[in-house]
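**Q** Sharing a structure with you now.
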Amino acid sequence: MVVSVAKEFDHFSVEKLPVYEAQDLTKGGYLAKIKLQDQLYTLRITRSGKLILTK
């Protein structure tokens, strides 16, 4: 079964989505923990300024 993620977000306006600064999430560092329900993820800012989100 294939489910389109785009359909889930059709009712959201891009202009109304919240915007977060990665540096705010990491409090000026390079790592932050993000919790989604019972799962914990790590957000990392690389030296080249890219974001990596891992479980």
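Labeling convention for the structure tokens: chains A, B, ... as they appear, residues from 1 per chain, ligands from 1 in order of appearance.
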Give me the residues within 8 Å of range 21-33 of chain A as a VMD selection string, counting only C-alpha atoms and dropping any in the same chain fewer than 6 places off.

**A** chain A and resid 40 to 46

**Q** At what distance in Å, to one decimal, does CA of Thr54 in chain A lie from CA of Gln37 in chain A?

**A** 15.2 Å

**Q** As a list in words, which residues of range 25-55 of chain A does DSSP assign to strand (DSSP E or B)?

**A**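 Here is the list: Leu31, Ala32, Lys33, Ile34, Lys35, Leu36, Gln39, Leu40, Tyr41, Thr42, Leu43, Arg44, Ile45, Leu51, Ile52, Leu53 and Thr54 of chain A.
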
**Q** Those residues with all heavy atoms, as a CSV table (one decimal), in the first residue's frame please?

**A**
```
chain,number,residue,atom,x,y,z
A,31,LEU,N,24.3,20.0,18.5
A,31,LEU,CA,23.4,18.8,18.7
A,31,LEU,C,22.2,19.2,19.5
A,31,LEU,O,22.2,20.1,20.4
A,31,LEU,CB,24.1,17.7,19.5
A,31,LEU,CG,25.3,17.1,18.8
A,31,LEU,CD1,26.1,16.2,19.8
A,31,LEU,CD2,24.9,16.2,17.6
A,32,ALA,N,21.1,18.5,19.2
A,32,ALA,CA,19.8,18.7,20.0
A,32,ALA,C,19.1,17.4,19.9
A,32,ALA,O,19.2,16.6,19.0
A,32,ALA,CB,19.0,19.8,19.4
A,33,LYS,N,18.4,17.1,21.0
A,33,LYS,CA,17.5,15.9,21.1
A,33,LYS,C,16.1,16.4,20.7
A,33,LYS,O,15.6,17.4,21.3
A,33,LYS,CB,17.5,15.2,22.4
A,33,LYS,CG,18.9,14.7,22.8
A,33,LYS,CD,19.2,13.4,22.0
A,33,LYS,CE,20.4,12.8,22.4
A,33,LYS,NZ,20.7,11.6,21.6
A,34,ILE,N,15.4,15.6,19.9
A,34,ILE,CA,14.0,15.9,19.6
A,34,ILE,C,13.2,14.7,19.9
A,34,ILE,O,13.5,13.6,19.4
A,34,ILE,CB,13.9,16.3,18.1
A,34,ILE,CG1,14.7,17.5,17.8
A,34,ILE,CG2,12.4,16.5,17.7
A,34,ILE,CD1,14.8,17.9,16.3
A,35,LYS,N,12.1,14.8,20.6
A,35,LYS,CA,11.3,13.7,21.0
A,35,LYS,C,10.0,13.7,20.2
A,35,LYS,O,9.4,14.8,20.1
A,35,LYS,CB,11.0,13.8,22.5
A,35,LYS,CG,10.2,12.6,23.0
A,35,LYS,CD,10.0,12.7,24.5
A,35,LYS,CE,9.3,11.5,25.0
A,35,LYS,NZ,8.9,11.6,26.4
A,36,LEU,N,9.6,12.6,19.7
A,36,LEU,CA,8.4,12.4,19.0
A,36,LEU,C,7.7,11.2,19.6
A,36,LEU,O,8.2,10.1,19.4
A,36,LEU,CB,8.6,12.2,17.5
A,36,LEU,CG,7.3,11.9,16.7
A,36,LEU,CD1,6.3,13.1,16.8
A,36,LEU,CD2,7.6,11.6,15.2
A,39,GLN,N,9.8,8.1,20.8
A,39,GLN,CA,11.1,8.0,20.1
A,39,GLN,C,11.9,9.3,20.3
A,39,GLN,O,11.4,10.4,20.3
A,39,GLN,CB,10.8,7.9,18.6
A,39,GLN,CG,9.9,6.7,18.3
A,39,GLN,CD,10.7,5.4,18.5
A,39,GLN,OE1,11.9,5.2,18.2
A,39,GLN,NE2,10.0,4.4,19.1
A,40,LEU,N,13.2,9.1,20.4
A,40,LEU,CA,14.2,10.2,20.6
A,40,LEU,C,15.1,10.2,19.4
A,40,LEU,O,15.7,9.2,19.0
A,40,LEU,CB,15.0,9.9,21.9
A,40,LEU,CG,15.7,11.1,22.5
A,40,LEU,CD1,14.8,12.3,22.8
A,40,LEU,CD2,16.5,10.7,23.7
A,41,TYR,N,15.2,11.4,18.9
A,41,TYR,CA,16.0,11.6,17.7
A,41,TYR,C,17.1,12.6,18.0
A,41,TYR,O,17.0,13.4,18.9
A,41,TYR,CB,15.2,12.2,16.5
A,41,TYR,CG,14.1,11.3,16.0
A,41,TYR,CD1,12.9,11.2,16.7
A,41,TYR,CD2,14.3,10.5,14.9
A,41,TYR,CE1,11.9,10.3,16.3
A,41,TYR,CE2,13.3,9.6,14.5
A,41,TYR,CZ,12.1,9.5,15.2
A,41,TYR,OH,11.2,8.7,14.7
A,42,THR,N,18.2,12.6,17.2
A,42,THR,CA,19.3,13.6,17.4
A,42,THR,C,19.4,14.4,16.2
A,42,THR,O,19.5,13.9,15.1
A,42,THR,CB,20.6,12.8,17.6
A,42,THR,OG1,20.5,12.0,18.8
A,42,THR,CG2,21.8,13.8,17.8
A,43,LEU,N,19.3,15.7,16.4
A,43,LEU,CA,19.5,16.7,15.3
A,43,LEU,C,21.0,17.2,15.4
A,43,LEU,O,21.4,17.6,16.4
A,43,LEU,CB,18.6,17.9,15.4
A,43,LEU,CG,18.7,19.0,14.4
A,43,LEU,CD1,18.3,18.5,13.0
A,43,LEU,CD2,18.0,20.2,14.8
A,44,ARG,N,21.7,17.1,14.3
A,44,ARG,CA,23.1,17.5,14.3
A,44,ARG,C,23.3,18.5,13.1
A,44,ARG,O,22.8,18.4,12.0
A,44,ARG,CB,24.0,16.3,14.0
A,44,ARG,CG,25.5,16.7,14.1
A,44,ARG,CD,26.4,15.5,14.2
A,44,ARG,NE,26.3,14.6,13.0
A,44,ARG,CZ,27.1,14.6,12.0
A,44,ARG,NH1,28.1,15.5,12.0
A,44,ARG,NH2,27.0,13.8,11.0
A,45,ILE,N,24.0,19.6,13.4
A,45,ILE,CA,24.5,20.6,12.4
A,45,ILE,C,25.9,20.2,12.1
A,45,ILE,O,26.8,20.2,12.9
A,45,ILE,CB,24.4,22.0,13.0
A,45,ILE,CG1,23.0,22.4,13.4
A,45,ILE,CG2,24.9,23.0,11.9
A,45,ILE,CD1,22.9,23.7,14.1
A,51,LEU,N,21.9,19.8,8.0
A,51,LEU,CA,21.3,19.2,9.1
A,51,LEU,C,21.2,17.7,8.9
A,51,LEU,O,20.8,17.2,7.8
A,51,LEU,CB,19.9,19.8,9.3
A,51,LEU,CG,19.8,21.2,9.7
A,51,LEU,CD1,18.3,21.7,9.8
A,51,LEU,CD2,20.5,21.5,11.0
A,52,ILE,N,21.4,16.9,10.0
A,52,ILE,CA,21.2,15.5,9.9
A,52,ILE,C,20.3,15.1,11.1
A,52,ILE,O,20.6,15.5,12.3
A,52,ILE,CB,22.6,14.7,10.0
A,52,ILE,CG1,23.4,15.1,8.8
A,52,ILE,CG2,22.3,13.2,10.1
A,52,ILE,CD1,24.8,14.5,8.9
A,53,LEU,N,19.3,14.4,10.8
A,53,LEU,CA,18.4,13.9,11.9
A,53,LEU,C,18.4,12.4,11.9
A,53,LEU,O,18.2,11.7,10.9
A,53,LEU,CB,16.9,14.3,11.6
A,53,LEU,CG,15.9,14.0,12.6
A,53,LEU,CD1,16.2,14.7,13.9
A,53,LEU,CD2,14.5,14.3,12.2
A,54,THR,N,18.9,11.8,13.1
A,54,THR,CA,19.0,10.4,13.2
A,54,THR,C,18.2,9.9,14.4
A,54,THR,O,17.9,10.6,15.3
A,54,THR,CB,20.5,10.0,13.4
A,54,THR,OG1,21.0,10.7,14.5
A,54,THR,CG2,21.3,10.3,12.1
```
